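A.B. asks: Please see the structure below; I have some questions.
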Amino acid sequence: MKTAIVFENVTKSYPIYHHITSGFKNLLLNLPKALREMKSQSFTAIEAISFSIQKGETVAFLGKNGAGKSTTLGLIAGVIRPNEGQVNILGRVSPLLELGGGFHGDLTGIENIQLNGVLLGLSRKQVAEKINSIVEFSELGDFINQPVRTYSSGMMARLGFSVVAHLDPEILLIDEVLAVGDAGFQRKCVAKMQEFKQQGVTIILVTHSSADVERLCDRVIWIENHRIKMDGPTQQVLPIYNSSNG
Ligand SMILES: Nc1ncnc2c1ncn2[C@@H]1O[C@H](COP(=O)(O)OP(=O)(O)OP(=O)(O)O)[C@@H](O)[C@H]1O
Ligand SMILES: [Mg+2]
């Protein structure tokens with residue numbers, strides 16, 4: 001089996017920005033000290049995480065709000081970099097990260113499809129060839145010609161997934177988008193992901209839906225307090241996760 005993703009002791013932290021509690025005058029008088037204190041404080045989103053994922057595996061990241069799941073996906077997608085450790089990705093990544101991330105509110109659905117298609121690696125010609133099929137998959141009707149700032153969250157998810165469904169991914173990242181789609185669209189997304197799975201695409205899913213994990217994923221990595229709590233086959237990890245979060 002070939003490796004697709006390797007994390008070795010990966011830590012990601014964000015600086016913490018403080019309110020000026022001791023007054024603006026004090027801050028100015030003690031500027032070097034104040035700046036040093038501001039810089040030294042940070043918040044760890046994930047801490048010394050290690051795992052490796054083989055090509056063709058379907059893996060769910062589970063964990064509470066704020067655990068570090070989206071941070072992990074952002075590191076796989078390459079949109080953020082680790083402070084410490086190594087991230088190695090072998091393959092073309094097609095990310096569908098948190099809602100509306102890649103969209104521009106003032107552009108229409110069609111324009112966003114064109115922009116995102118190219119950003120995600122399609123040629124202009126490929127986008128032109130696929131655009132009708134993408135629009136049809138989204139079932140957005142006339143809204144496709146409206147600016148996306150007028151879209152509901154479910155409509156955003158439809159637009160995002162429709163683009164991703166027409167890419168040729170080796171590694172597919174899906175963060176929480178199924179949840180806001182209606183039942184019909186969720187079924188369609190799951191079917192498309194099952195098709196990708198059969199083609200041997202590596203799939204990484206972040207979701208709070210156990211049903212989706214059971215339907216799609218062979219393996220679960222459970223993140224708690226910014227570290228891996230459990231990593232193993234779905235049938236082994238999911239019941240324990242569910243009983244501890246029920
Ligand atoms: N840009 C940022 N600046 C500062 N802190 C951040 C930033 N992004 C994430 N964090 C913090 O890192 C931690 C992990 O966030 P992350 O988005 O990875 O969680 P998550 O597991 O995806 O949660 P959720 O289920 O709510 O989507 C959180 O405590 C969050 O506040
Ligand atoms: Mg998240």
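Identifiers for the structure tokens are assigned positionally: chains receive A, B, ... in sequence, residues are indexed from 1 per chain, and ligands are indexed from 1 in the order shown.
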Pick out the residues no farther than 6 Å from ligand 1, counting only C-alpha atoms and all ligand atoms, and list them as a list in words.

C.D. replies: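 Listing the residues within 6 Å of ligand 1 gives Tyr14, Ala45, Lys64, Asn65, Gly66, Ala67, Gly68, Lys69, Ser70 and Thr71 of chain A.
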
A.B. asks: So that I can see what lies close to Leu96 in chain A, please list as a PyMOL selection string the residues with an atom at most 7 Å from it, counting only C-alpha atoms and leaving out residues fewer than 2 positions away in the same chain.

C.D. replies: chain A and resi 94+98+160+164+173-175

A.B. asks: Looking only at helix (DSSP H, G or I) from DSSP on the backbone, list the matching residues of range 169-235 of chain A as a list in words.

C.D. replies: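 Matching residues for helix (DSSP H, G or I) in range 169-235 of chain A are Leu178, Ala179, Val180, Ala183, Gly184, Phe185, Gln186, Arg187, Lys188, Cys189, Val190, Ala191, Lys192, Met193, Gln194, Glu195, Phe196, Lys197, Gln198, Ser210, Ala211, Asp212, Val213, Glu214, Arg215, Leu216, Thr234 and Gln235 of chain A.
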
A.B. asks: Here is a test: counting only C-alpha atoms, which residue of A:Lys25, A:Lys125, A:Arg36, A:Arg149 is nearest to His104 in chain A?

C.D. replies: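 Of all the options, A:Arg149 lies closest to His104 in chain A.
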
A.B. asks: With a distance cut-off of 9 Å and only C-alpha atoms, select the neighbouring residues of range 209-211 of chain A, excluding the residue or stretch itself and same-chain residues fewer than 5 positions from it, and output the selection as a PyMOL selection string.

C.D. replies: chain A and resi 179+216+238+242

A.B. asks: For N, CA and C atoms, I'd like the residues from the last selection saved as an mmCIF file, in the first residue's frame.

C.D. replies:
data_model
loop_
_atom_site.group_PDB
_atom_site.id
_atom_site.type_symbol
_atom_site.label_atom_id
_atom_site.label_comp_id
_atom_site.auth_asym_id
_atom_site.auth_seq_id
_atom_site.Cartn_x
_atom_site.Cartn_y
_atom_site.Cartn_z
ATOM 1 N N ALA A 179 -23.714 18.360 6.679
ATOM 2 C CA ALA A 179 -24.697 18.622 7.726
ATOM 3 C C ALA A 179 -25.727 19.677 7.335
ATOM 4 N N LEU A 216 -19.467 5.655 5.341
ATOM 5 C CA LEU A 216 -18.364 5.995 4.433
ATOM 6 C C LEU A 216 -16.966 5.621 4.900
ATOM 7 N N LEU A 238 -15.929 4.027 16.938
ATOM 8 C CA LEU A 238 -17.186 4.787 16.942
ATOM 9 C C LEU A 238 -18.084 4.493 18.157
ATOM 10 N N ASN A 242 -19.152 7.390 20.694
ATOM 11 C CA ASN A 242 -20.571 7.712 20.905
ATOM 12 C C ASN A 242 -20.968 7.603 22.373
#

A.B. asks: Using only C-alpha atoms and all ligand atoms, which of the listed residues (A:Pro239, A:Gly63, A:Pro15, A:Pro32) sits closest to ligand 2?

C.D. replies: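 Of A:Pro239, A:Gly63, A:Pro15, A:Pro32, the one nearest ligand 2, counting only C-alpha atoms and all ligand atoms, is A:Gly63.
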
A.B. asks: Please indicate the distance in Å from CA of Ile76 in chain A to CA of Asn116 in chain A, rounded to one decimal place.

C.D. replies: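 Distance reported for this atom pair: 18.3 Å.
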
A.B. asks: Find the spatial neighbours of Gly78 in chain A, counting only C-alpha atoms, within a cut-off of 10 Å - ignore same-chain residues fewer than 6 positions away - and output them as a ChimeraX atom specification.

C.D. replies: /A:72,87-89,93,95

A.B. asks: From the list A:His226, A:Arg158, A:Lys12, A:His208, which residue is nearest Asn83 in chain A when using only C-alpha atoms?

C.D. replies: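 Nearest to Asn83 in chain A: A:Lys12.
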
A.B. asks: May I have the residues within 8 Å of Leu62 in chain A as a list in words, using only C-alpha atoms and disregarding those fewer than 2 positions away in the same chain?

C.D. replies: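 Close residues of Leu62 in chain A: Ala60, Lys64, Lys69, Val206, Thr207, His208, Val220, Ile221, Trp222 and Ile223 of chain A.
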